Amino acid sequence: MPAAVATWAAAGVLTGTRGNAAWACAGAWSVAAVVTVLLLVARRGERGGASERRGTAARRVRERRGGRCRQRLARAGRGALPAVGLVAAAVALVCTSLFALGQLRHPGALEAPGPRGGQGEFVVTGTPKRAPTSSFGFAADSGEQAPAAPGTLSGSAAIGAAAPRTPPEIRVMIEAELVTFDTAGRRSSARAPTLVFATVEDADSLGIGSRFRAQGSLTSLAPGDSREFLFFARGSPDPIAEPPWYLGWADGLRSSFRQSAAGLPGDGAQLLAGLAIGDDSGVSASLRDAMTVSGLTHLTAVSGANCAIVVMGVMQLGGVVGLGRRSRILVSLGVLVLFVVLVTPEPSVLRAANMAAIVLVASALGRPASGIGPLCLSVIVLLALDPWLARSAGFALSVLATGGLLLLTRPLAALGARILPPALATALAVPVAAQLACQPVLFLLAPQITPYTLPANVLAEPAAALVSVFGLLVCLIAAAAPGLASVAAWLPWVPSAWIGAVARFFAGAPFAAVDVPDGVVAAAIAVLLVLLIAVALATARAHPRLALTAGGASALGLLVTAGLLAGGSIARGGAIPPDWQVAACDIGQGDAVLVHSRGEVALVDVGPQPEPLSACLTRLRIERIDLLVLTHYDRDHVGGLDAVLGRVDRALVGPPDGAADRRLVERLRSAGALVADGRRGLSGTLGDYRWDVLWPRTGATLTGNPASVTVLFSGAMRLLFLGDLGEQAQDAVLAANTIGQVDVVKVAHHGSADQSERLYQRIRAVIGLISVGADNRYGHPTERLLGMLGRAGTRAFRTDQEGLIVLSGAALAMSVWTERAKPP
């Protein structure tokens with residue numbers, strides 16, 4: 001264990017920097033060499049005791065003096081010195097690997113402060129996934145807009161109902177390895193993990209192991225990331241080689257499985273591919289959120305437990321057919337390799353497969369193969385092969401969960417058996433042990449407590465094992481009889497749907513996710529509590545008083561922490577005015593503002609990511625969106641669309657700029673929304689409010705920021721939403737409309753300097769909402785904008801400083817509630 005912990009710490013520190021691996025490597029090998037010499041001297045000292053009793057008196061005196069030194073070394077050699085040598089050697093091994101691989105992962109020739117254009121050649125290393133909905137700067141496509149269909153929306157044309165068809169394209173993210181990069185007439189060779197953004201007609205055409213070439217821009221990432229570069233391809237990649245035979249079979253099997261499961265419905269279908277073949281690209285944002293809140297994230301894809309199930313199944317089957325022990329071990333190792341290739345080598349799968357291989361080999365050699373030893377050895381081996389795993393959250397959670405199961409399950413089960421049936425005590429001890437070990441890391445990833453994790457795992461884990469077994473059977477059937485596989489796919493679908501139902505149920509329960517104010521502090525407290533619990537369990541028999549003290553301290557700490565968090569959550573939720581009319585969600589650098597009247601809700605933009613928007617909607621208890629306005633297609637305004645897909649009745653959208661924007665609109669329409677162009681003259685109602693679109697003009701050819709859909713809501717308050725309009729566009733809006741004074745303005749473009757003072761002076765808003773990310777790199781909101789608001793008598797409220805901002809009341813008596821106190 002000391003060697004595993006030391007190598008993990010060394011790899012974690014050194015992968016976060018560049019240029020220090022050589023010095024660390026030299027230092028670690030030097031320490032290992034010195035310790036080895038000392039061990040040899042100590043060994044020799046043990047042999048010198050007998051000769052010391054022989055010889056002349058003078059020689060005995062000299063040998064006695066040297067003998068004492070050797071005896072001290074001998075005692076050290078029998079004590080901590082071998083452990084120190086093992087730690088130094090393991091650290092040196094990982095440092096050597098990091099030094100050698102670092103030159104290939106990030107060649108100096110590719111180091112640049114900004115994006116670099118050129119042509120790259122890549123090898124696909126992961127299943128392509130749909131990229132977040134956003135505009136990537138495609139050239140605009142021309143085409144007539146169809147006339148509007150009759151309905152509640154008036155004054156504009158519906159988008160694309162009769163537009164010319166363009167070839168179906170998908171914007172995908174591809175995990176790949178950069179092999180060569182040509183720029184400015186110079187070629188650089190590498191083996192650099194890279195995330196490629198590209199447009200493809202068929203995502204299945206890029207199988208794992210295939211090679212492709214693409215033109216685009218290469219951007220270097222900060223040290224310590226699991227990837228070295230981002231590559232934004234222009235156009236479609238050019239395939240240049242099929243996967244090698246030893247990987248191609250798995251691509252075919254995965255494709256056959258997806259086709260067999262294509263007709264299955266609901267959450268079960270979304271989870272099935274992930275649990276069976278490791279492809280979680282079909283899991284929707286809402287289901288992923290439900291799995292996270294219910295503590296079932298590890299069941300969205302193949303995990304380490306699947307490797308154990310496969311090995312156990314092969315060993316049992318081999319015993320049934322009469323294979324010998326060593327033969328069964330050899331077959332298990334072969335099947336394990338095939339399984340890892342099939343489900344793709346994710347960190348948790350690699351850890352489990354490596355540990356299983358160590359256990360199998362040790363068993364074949366007649367060596368001890370249980371306990372924490374194989375886990376620690378697997379950590380050292382994997383970090384030596386890929387030191388960057390030290391910073392992988394999936395790897396950390398897999399190792400910690402396994403360690404928790406090995407160290408805590410038995411004492412927890414024994415403790416629970418005092419008051420529960422042994423079988424039930426063991427069933428509860430397994431998820432409790434894993435959760436305790438993983439909780440510090442979970443706090444760092446998502447600062448929240450999920451109180452229903454235990455019952456959710458108890459109910460869902462048995463179903464996950466069934467999905468794994470039946471899913472592999474469907475894979476095998478699909479290779480031989482695709483028609484039969486489509487029928488057999490219902491077998492794993494049933495337990496998969498059960499897991500989805502469990503996740504949805506607990507995610508919708510009261511206090512399903514309790515926010516933690518500071519993830520780092522929560523992680524530190526969790527480490528302390530886990531240590532106290534471990535001490536209490538370990539000393540229960542030998543030192544009952546110490547165990548009682550440690551257990552009491554941990555229980556008290558848990559109660560106090562839970563009380564503070566629950567009280568804070570209740571206070572935060574109850575403090576939001578129930579009659580709120582405007583809410584600016586704190587979703588980072590982007591826009592997501594809600595208008596609420598008589599049970600109806602409008603949402604203007606959806607922010608950059610679905611997760612923070614989902615959290616805001618949950619907090620405000622919003623289930624349906626009656627009117628969605630997508631002002632334009634920049635990522636910070638449409639990236640969170642998945643959070644509301646299927647929940648929108650009507651939508652107003654800005655003019656699309658290319659195929660990617662039109663596909664986004666089509667996704668919205670396919671999810672059941674009535675979609676229309678947001679053009680000047682369009683109007684409607686929302687509860688007691690009337691809304692009017694002020695911009696852009698009908699027939700205008702503007703796109704992007706200057707064409708942001710600008711909406712005025714009139715009712716108890718007058719609310720103006722400016723999207724990302726710049727100064728010239730704001731002046732044009734002012735010239736084209738008689739706006740008059742408003743009560744609230746959603747400040748344009750997160751408070752950039754490109755603003756029209758004439759507009760802000762004319763509308764004289766009482767409150768200016770600035771939706772902006774904390775410490776953003778753009779310097780928003782700018783001093784110029786804040787000065788404009790001050791001179792216009794508009795008080796600024798900012799999501800980066802005040803969090804969620806909620807307005808209630810009416811024009812003559814508005815109330816402002818903020819999540820955090822406004823700083824001086």
# chains A, B, ... in the order shown; residues from 1 in each chain; ligands from 1

$ closest_atom_pairs --of "range 252-371 of chain A" --to "range 489-499 of chain A" --cutoff "6 Å" --atoms "only C-alpha atoms" --output "CSV"
residue,atom,partner,partner_atom,distance
A:Ala261,CA,A:Ala489,CA,5.9
A:Asp267,CA,A:Ala497,CA,5.7
A:Gly268,CA,A:Ala497,CA,3.6
A:Leu272,CA,A:Ser496,CA,5.8

$ select_by_dssp --residues "range 415-454 of chain A" --states "alpha helix (DSSP H)" --output "ChimeraX atom specification"
/A:415-416,422-445,453-454

$ closest_residue --among "A:Ala464, A:Val772, A:Ile208, A:Ala810" --to "Pro608 in chain A" --atoms "only C-alpha atoms"
A:Val772

$ residues_around --residues "Leu424 in chain A" --least-positions-apart "5" --cutoff "10 Å" --atoms "only C-alpha atoms" --output "VMD selection string"
chain A and resid 413 416 to 417 429 458

$ residues_around --residues "Trp249 in chain A" --least-positions-apart "5" --cutoff "12 Å" --atoms "only C-alpha atoms" --output "list in words"
Gly207, Ile208, Gly209, Glu242, Pro243, Pro244, Arg254, Ser255, Ser256, Leu338, Phe339, Val341, Leu342, Cys475, Leu476 and Ala479 of chain A

$ residues_around --residues "range 689-706 of chain A" --least-positions-apart "3" --cutoff "8 Å" --atoms "only C-alpha atoms" --output "JSON, numbers by chain"
{"A": [156, 597, 632, 633, 634, 654, 655, 656, 657, 678, 679, 680, 681, 682, 683, 684, 685, 686, 709, 710, 711, 712, 713, 714, 715, 716, 723, 724, 725, 726, 729, 733, 736, 737]}

$ atom_distance --atom1 "CA of Gly248 in chain A" --atom2 "CA of Val283 in chain A"
24.6 Å

$ closest_residue --among "A:Val34, A:Ala774, A:Val94, A:Val467" --to "Asp800 in chain A" --atoms "only C-alpha atoms"
A:Ala774

$ atom_distance --atom1 "CA of Leu408 in chain A" --atom2 "CA of Leu299 in chain A"
21.7 Å

$ closest_residue --among "A:Ile805, A:Leu459, A:Ala423, A:Val604" --to "Ala575 in chain A" --atoms "only C-alpha atoms"
A:Ile805

$ closest_residue --among "A:Ser370, A:Ser97, A:Ser188, A:Gln581" --to "His596 in chain A" --atoms "only C-alpha atoms"
A:Gln581

$ closest_residue --among "A:Arg545, A:Ser294, A:Ala353, A:Leu668" --to "Pro510 in chain A" --atoms "only C-alpha atoms"
A:Ser294

$ residues_around --residues "Leu275 in chain A" --least-positions-apart "6" --cutoff "10 Å" --atoms "only C-alpha atoms" --output "PDB file with N, CA and C atoms, in the first residue's frame"
ATOM      1  N   HIS A 298     -22.366   5.081 -11.687  1.00  0.00           N
ATOM      2  CA  HIS A 298     -21.508   3.985 -12.128  1.00  0.00           C
ATOM      3  C   HIS A 298     -22.259   2.947 -12.955  1.00  0.00           C
ATOM      4  N   LEU A 299     -23.593   3.055 -13.004  1.00  0.00           N
ATOM      5  CA  LEU A 299     -24.378   2.107 -13.784  1.00  0.00           C
ATOM      6  C   LEU A 299     -24.789   2.649 -15.144  1.00  0.00           C
ATOM      7  N   THR A 300     -24.247   3.805 -15.535  1.00  0.00           N
ATOM      8  CA  THR A 300     -24.530   4.306 -16.880  1.00  0.00           C
ATOM      9  C   THR A 300     -23.627   3.654 -17.921  1.00  0.00           C
ATOM     10  N   ALA A 301     -22.558   2.993 -17.491  1.00  0.00           N
ATOM     11  CA  ALA A 301     -21.644   2.322 -18.414  1.00  0.00           C
ATOM     12  C   ALA A 301     -21.029   1.130 -17.709  1.00  0.00           C
ATOM     13  N   VAL A 302     -20.289   0.347 -18.477  1.00  0.00           N
ATOM     14  CA  VAL A 302     -19.615  -0.829 -17.921  1.00  0.00           C
ATOM     15  C   VAL A 302     -18.648  -0.386 -16.836  1.00  0.00           C
ATOM     16  N   SER A 303     -18.666  -1.088 -15.708  1.00  0.00           N
ATOM     17  CA  SER A 303     -17.768  -0.755 -14.600  1.00  0.00           C
ATOM     18  C   SER A 303     -16.917  -1.963 -14.265  1.00  0.00           C
ATOM     19  N   ASN A 306     -18.322  -5.589 -13.801  1.00  0.00           N
ATOM     20  CA  ASN A 306     -18.607  -6.445 -14.948  1.00  0.00           C
ATOM     21  C   ASN A 306     -17.459  -7.415 -15.229  1.00  0.00           C
ATOM     22  N   VAL A 343     -15.759  -3.623 -24.635  1.00  0.00           N
ATOM     23  CA  VAL A 343     -16.428  -2.536 -23.902  1.00  0.00           C
ATOM     24  C   VAL A 343     -15.586  -1.269 -23.849  1.00  0.00           C
ATOM     25  N   ALA A 464     -28.155  -4.717 -12.447  1.00  0.00           N
ATOM     26  CA  ALA A 464     -26.981  -4.446 -13.279  1.00  0.00           C
ATOM     27  C   ALA A 464     -26.261  -5.728 -13.659  1.00  0.00           C
ATOM     28  N   ALA A 465     -26.180  -6.681 -12.725  1.00  0.00           N
ATOM     29  CA  ALA A 465     -25.545  -7.968 -13.034  1.00  0.00           C
ATOM     30  C   ALA A 465     -26.321  -8.704 -14.124  1.00  0.00           C
ATOM     31  N   LEU A 466     -27.651  -8.647 -14.064  1.00  0.00           N
ATOM     32  CA  LEU A 466     -28.467  -9.299 -15.094  1.00  0.00           C
ATOM     33  C   LEU A 466     -28.266  -8.645 -16.453  1.00  0.00           C
ATOM     34  N   VAL A 467     -28.178  -7.319 -16.470  1.00  0.00           N
ATOM     35  CA  VAL A 467     -27.956  -6.624 -17.741  1.00  0.00           C
ATOM     36  C   VAL A 467     -26.620  -7.041 -18.352  1.00  0.00           C
ATOM     37  N   SER A 468     -25.589  -7.177 -17.518  1.00  0.00           N
ATOM     38  CA  SER A 468     -24.274  -7.574 -18.021  1.00  0.00           C
ATOM     39  C   SER A 468     -24.313  -8.955 -18.663  1.00  0.00           C
ATOM     40  N   VAL A 469     -24.916  -9.905 -17.966  1.00  0.00           N
ATOM     41  CA  VAL A 469     -24.957 -11.281 -18.477  1.00  0.00           C
ATOM     42  C   VAL A 469     -25.811 -11.378 -19.740  1.00  0.00           C
ATOM     43  N   GLY A 471     -26.787  -8.931 -21.667  1.00  0.00           N
ATOM     44  CA  GLY A 471     -26.257  -8.083 -22.726  1.00  0.00           C
ATOM     45  C   GLY A 471     -25.167  -8.761 -23.516  1.00  0.00           C
ATOM     46  N   LEU A 472     -24.265  -9.499 -22.832  1.00  0.00           N
ATOM     47  CA  LEU A 472     -23.221 -10.228 -23.547  1.00  0.00           C
ATOM     48  C   LEU A 472     -23.820 -11.340 -24.409  1.00  0.00           C
ATOM     49  N   PRO A 492     -32.245  -8.151 -21.521  1.00  0.00           N
ATOM     50  CA  PRO A 492     -31.504  -7.175 -20.712  1.00  0.00           C
ATOM     51  C   PRO A 492     -32.232  -5.853 -20.576  1.00  0.00           C
ATOM     52  N   SER A 496     -32.589  -3.258 -17.213  1.00  0.00           N
ATOM     53  CA  SER A 496     -32.073  -1.923 -17.512  1.00  0.00           C
ATOM     54  C   SER A 496     -33.143  -0.863 -17.264  1.00  0.00           C
TER      55      SER A 496
END

$ decode --residues "range 465-496 of chain A" --atoms "N, CA, C and O atoms" --output "PDB file, in the first residue's frame"
ATOM      1  N   ALA A 465     -26.180  -6.681 -12.725  1.00  0.00           N
ATOM      2  CA  ALA A 465     -25.545  -7.968 -13.034  1.00  0.00           C
ATOM      3  C   ALA A 465     -26.321  -8.704 -14.124  1.00  0.00           C
ATOM      4  O   ALA A 465     -25.729  -9.302 -15.038  1.00  0.00           O
ATOM      5  N   LEU A 466     -27.651  -8.647 -14.064  1.00  0.00           N
ATOM      6  CA  LEU A 466     -28.467  -9.299 -15.094  1.00  0.00           C
ATOM      7  C   LEU A 466     -28.266  -8.645 -16.453  1.00  0.00           C
ATOM      8  O   LEU A 466     -28.178  -9.335 -17.476  1.00  0.00           O
ATOM      9  N   VAL A 467     -28.178  -7.319 -16.470  1.00  0.00           N
ATOM     10  CA  VAL A 467     -27.956  -6.624 -17.741  1.00  0.00           C
ATOM     11  C   VAL A 467     -26.620  -7.041 -18.352  1.00  0.00           C
ATOM     12  O   VAL A 467     -26.505  -7.265 -19.554  1.00  0.00           O
ATOM     13  N   SER A 468     -25.589  -7.177 -17.518  1.00  0.00           N
ATOM     14  CA  SER A 468     -24.274  -7.574 -18.021  1.00  0.00           C
ATOM     15  C   SER A 468     -24.313  -8.955 -18.663  1.00  0.00           C
ATOM     16  O   SER A 468     -23.816  -9.159 -19.781  1.00  0.00           O
ATOM     17  N   VAL A 469     -24.916  -9.905 -17.966  1.00  0.00           N
ATOM     18  CA  VAL A 469     -24.957 -11.281 -18.477  1.00  0.00           C
ATOM     19  C   VAL A 469     -25.811 -11.378 -19.740  1.00  0.00           C
ATOM     20  O   VAL A 469     -25.372 -11.896 -20.779  1.00  0.00           O
ATOM     21  N   PHE A 470     -27.037 -10.857 -19.666  1.00  0.00           N
ATOM     22  CA  PHE A 470     -27.928 -10.940 -20.827  1.00  0.00           C
ATOM     23  C   PHE A 470     -27.414 -10.084 -21.990  1.00  0.00           C
ATOM     24  O   PHE A 470     -27.589 -10.435 -23.158  1.00  0.00           O
ATOM     25  N   GLY A 471     -26.787  -8.931 -21.667  1.00  0.00           N
ATOM     26  CA  GLY A 471     -26.257  -8.083 -22.726  1.00  0.00           C
ATOM     27  C   GLY A 471     -25.167  -8.761 -23.516  1.00  0.00           C
ATOM     28  O   GLY A 471     -25.120  -8.666 -24.752  1.00  0.00           O
ATOM     29  N   LEU A 472     -24.265  -9.499 -22.832  1.00  0.00           N
ATOM     30  CA  LEU A 472     -23.221 -10.228 -23.547  1.00  0.00           C
ATOM     31  C   LEU A 472     -23.820 -11.340 -24.409  1.00  0.00           C
ATOM     32  O   LEU A 472     -23.360 -11.602 -25.535  1.00  0.00           O
ATOM     33  N   LEU A 473     -24.873 -11.986 -23.907  1.00  0.00           N
ATOM     34  CA  LEU A 473     -25.542 -13.017 -24.704  1.00  0.00           C
ATOM     35  C   LEU A 473     -26.141 -12.416 -25.978  1.00  0.00           C
ATOM     36  O   LEU A 473     -26.038 -13.005 -27.060  1.00  0.00           O
ATOM     37  N   VAL A 474     -26.752 -11.239 -25.854  1.00  0.00           N
ATOM     38  CA  VAL A 474     -27.324 -10.574 -27.029  1.00  0.00           C
ATOM     39  C   VAL A 474     -26.221 -10.210 -28.024  1.00  0.00           C
ATOM     40  O   VAL A 474     -26.396 -10.332 -29.244  1.00  0.00           O
ATOM     41  N   CYS A 475     -25.054  -9.771 -27.519  1.00  0.00           N
ATOM     42  CA  CYS A 475     -23.926  -9.470 -28.411  1.00  0.00           C
ATOM     43  C   CYS A 475     -23.547 -10.693 -29.230  1.00  0.00           C
ATOM     44  O   CYS A 475     -23.334 -10.608 -30.452  1.00  0.00           O
ATOM     45  N   LEU A 476     -23.445 -11.843 -28.578  1.00  0.00           N
ATOM     46  CA  LEU A 476     -23.058 -13.064 -29.273  1.00  0.00           C
ATOM     47  C   LEU A 476     -24.132 -13.490 -30.271  1.00  0.00           C
ATOM     48  O   LEU A 476     -23.823 -13.926 -31.391  1.00  0.00           O
ATOM     49  N   ILE A 477     -25.393 -13.364 -29.882  1.00  0.00           N
ATOM     50  CA  ILE A 477     -26.484 -13.734 -30.794  1.00  0.00           C
ATOM     51  C   ILE A 477     -26.516 -12.790 -31.992  1.00  0.00           C
ATOM     52  O   ILE A 477     -26.751 -13.213 -33.131  1.00  0.00           O
ATOM     53  N   ALA A 478     -26.258 -11.477 -31.745  1.00  0.00           N
ATOM     54  CA  ALA A 478     -26.314 -10.493 -32.827  1.00  0.00           C
ATOM     55  C   ALA A 478     -25.293 -10.786 -33.911  1.00  0.00           C
ATOM     56  O   ALA A 478     -25.514 -10.478 -35.088  1.00  0.00           O
ATOM     57  N   ALA A 479     -24.147 -11.373 -33.533  1.00  0.00           N
ATOM     58  CA  ALA A 479     -23.124 -11.674 -34.527  1.00  0.00           C
ATOM     59  C   ALA A 479     -23.574 -12.774 -35.484  1.00  0.00           C
ATOM     60  O   ALA A 479     -23.162 -12.800 -36.648  1.00  0.00           O
ATOM     61  N   ALA A 480     -24.436 -13.692 -35.008  1.00  0.00           N
ATOM     62  CA  ALA A 480     -24.856 -14.827 -35.827  1.00  0.00           C
ATOM     63  C   ALA A 480     -26.266 -14.685 -36.376  1.00  0.00           C
ATOM     64  O   ALA A 480     -26.538 -15.069 -37.513  1.00  0.00           O
ATOM     65  N   ALA A 481     -27.175 -14.133 -35.571  1.00  0.00           N
ATOM     66  CA  ALA A 481     -28.586 -14.045 -35.981  1.00  0.00           C
ATOM     67  C   ALA A 481     -29.165 -12.711 -35.537  1.00  0.00           C
ATOM     68  O   ALA A 481     -29.775 -12.625 -34.463  1.00  0.00           O
ATOM     69  N   PRO A 482     -28.977 -11.632 -36.326  1.00  0.00           N
ATOM     70  CA  PRO A 482     -29.447 -10.298 -35.925  1.00  0.00           C
ATOM     71  C   PRO A 482     -30.941 -10.249 -35.632  1.00  0.00           C
ATOM     72  O   PRO A 482     -31.377  -9.552 -34.718  1.00  0.00           O
ATOM     73  N   GLY A 483     -31.745 -10.985 -36.411  1.00  0.00           N
ATOM     74  CA  GLY A 483     -33.183 -10.968 -36.169  1.00  0.00           C
ATOM     75  C   GLY A 483     -33.543 -11.526 -34.809  1.00  0.00           C
ATOM     76  O   GLY A 483     -34.377 -10.967 -34.084  1.00  0.00           O
ATOM     77  N   LEU A 484     -32.918 -12.618 -34.433  1.00  0.00           N
ATOM     78  CA  LEU A 484     -33.167 -13.213 -33.121  1.00  0.00           C
ATOM     79  C   LEU A 484     -32.656 -12.304 -32.004  1.00  0.00           C
ATOM     80  O   LEU A 484     -33.254 -12.231 -30.927  1.00  0.00           O
ATOM     81  N   ALA A 485     -31.546 -11.591 -32.268  1.00  0.00           N
ATOM     82  CA  ALA A 485     -30.986 -10.693 -31.253  1.00  0.00           C
ATOM     83  C   ALA A 485     -31.949  -9.559 -30.928  1.00  0.00           C
ATOM     84  O   ALA A 485     -31.997  -9.095 -29.780  1.00  0.00           O
ATOM     85  N   SER A 486     -32.712  -9.091 -31.926  1.00  0.00           N
ATOM     86  CA  SER A 486     -33.675  -8.013 -31.669  1.00  0.00           C
ATOM     87  C   SER A 486     -34.744  -8.450 -30.679  1.00  0.00           C
ATOM     88  O   SER A 486     -35.246  -7.650 -29.886  1.00  0.00           O
ATOM     89  N   VAL A 487     -35.087  -9.744 -30.720  1.00  0.00           N
ATOM     90  CA  VAL A 487     -36.053 -10.275 -29.756  1.00  0.00           C
ATOM     91  C   VAL A 487     -35.383 -10.513 -28.408  1.00  0.00           C
ATOM     92  O   VAL A 487     -35.917 -10.174 -27.346  1.00  0.00           O
ATOM     93  N   ALA A 488     -34.163 -11.053 -28.442  1.00  0.00           N
ATOM     94  CA  ALA A 488     -33.442 -11.342 -27.205  1.00  0.00           C
ATOM     95  C   ALA A 488     -33.067 -10.072 -26.451  1.00  0.00           C
ATOM     96  O   ALA A 488     -32.854 -10.119 -25.227  1.00  0.00           O
ATOM     97  N   ALA A 489     -32.980  -8.937 -27.154  1.00  0.00           N
ATOM     98  CA  ALA A 489     -32.595  -7.679 -26.502  1.00  0.00           C
ATOM     99  C   ALA A 489     -33.587  -7.248 -25.437  1.00  0.00           C
ATOM    100  O   ALA A 489     -33.250  -6.431 -24.564  1.00  0.00           O
ATOM    101  N   TRP A 490     -34.822  -7.784 -25.496  1.00  0.00           N
ATOM    102  CA  TRP A 490     -35.787  -7.442 -24.445  1.00  0.00           C
ATOM    103  C   TRP A 490     -35.388  -8.025 -23.096  1.00  0.00           C
ATOM    104  O   TRP A 490     -35.807  -7.528 -22.046  1.00  0.00           O
ATOM    105  N   LEU A 491     -34.597  -9.105 -23.094  1.00  0.00           N
ATOM    106  CA  LEU A 491     -34.175  -9.707 -21.823  1.00  0.00           C
ATOM    107  C   LEU A 491     -33.347  -8.726 -20.986  1.00  0.00           C
ATOM    108  O   LEU A 491     -33.687  -8.466 -19.829  1.00  0.00           O
ATOM    109  N   PRO A 492     -32.245  -8.151 -21.521  1.00  0.00           N
ATOM    110  CA  PRO A 492     -31.504  -7.175 -20.712  1.00  0.00           C
ATOM    111  C   PRO A 492     -32.232  -5.853 -20.576  1.00  0.00           C
ATOM    112  O   PRO A 492     -31.928  -5.075 -19.660  1.00  0.00           O
ATOM    113  N   TRP A 493     -33.199  -5.565 -21.479  1.00  0.00           N
ATOM    114  CA  TRP A 493     -33.914  -4.292 -21.391  1.00  0.00           C
ATOM    115  C   TRP A 493     -34.729  -4.205 -20.102  1.00  0.00           C
ATOM    116  O   TRP A 493     -34.824  -3.136 -19.496  1.00  0.00           O
ATOM    117  N   VAL A 494     -35.305  -5.314 -19.677  1.00  0.00           N
ATOM    118  CA  VAL A 494     -36.166  -5.292 -18.487  1.00  0.00           C
ATOM    119  C   VAL A 494     -35.388  -4.835 -17.247  1.00  0.00           C
ATOM    120  O   VAL A 494     -35.792  -3.873 -16.573  1.00  0.00           O
ATOM    121  N   PRO A 495     -34.257  -5.486 -16.883  1.00  0.00           N
ATOM    122  CA  PRO A 495     -33.512  -4.969 -15.721  1.00  0.00           C
ATOM    123  C   PRO A 495     -32.920  -3.585 -15.960  1.00  0.00           C
ATOM    124  O   PRO A 495     -32.776  -2.801 -15.016  1.00  0.00           O
ATOM    125  N   SER A 496     -32.589  -3.258 -17.213  1.00  0.00           N
ATOM    126  CA  SER A 496     -32.073  -1.923 -17.512  1.00  0.00           C
ATOM    127  C   SER A 496     -33.143  -0.863 -17.264  1.00  0.00           C
ATOM    128  O   SER A 496     -32.878   0.212 -16.699  1.00  0.00           O
TER     129      SER A 496
END
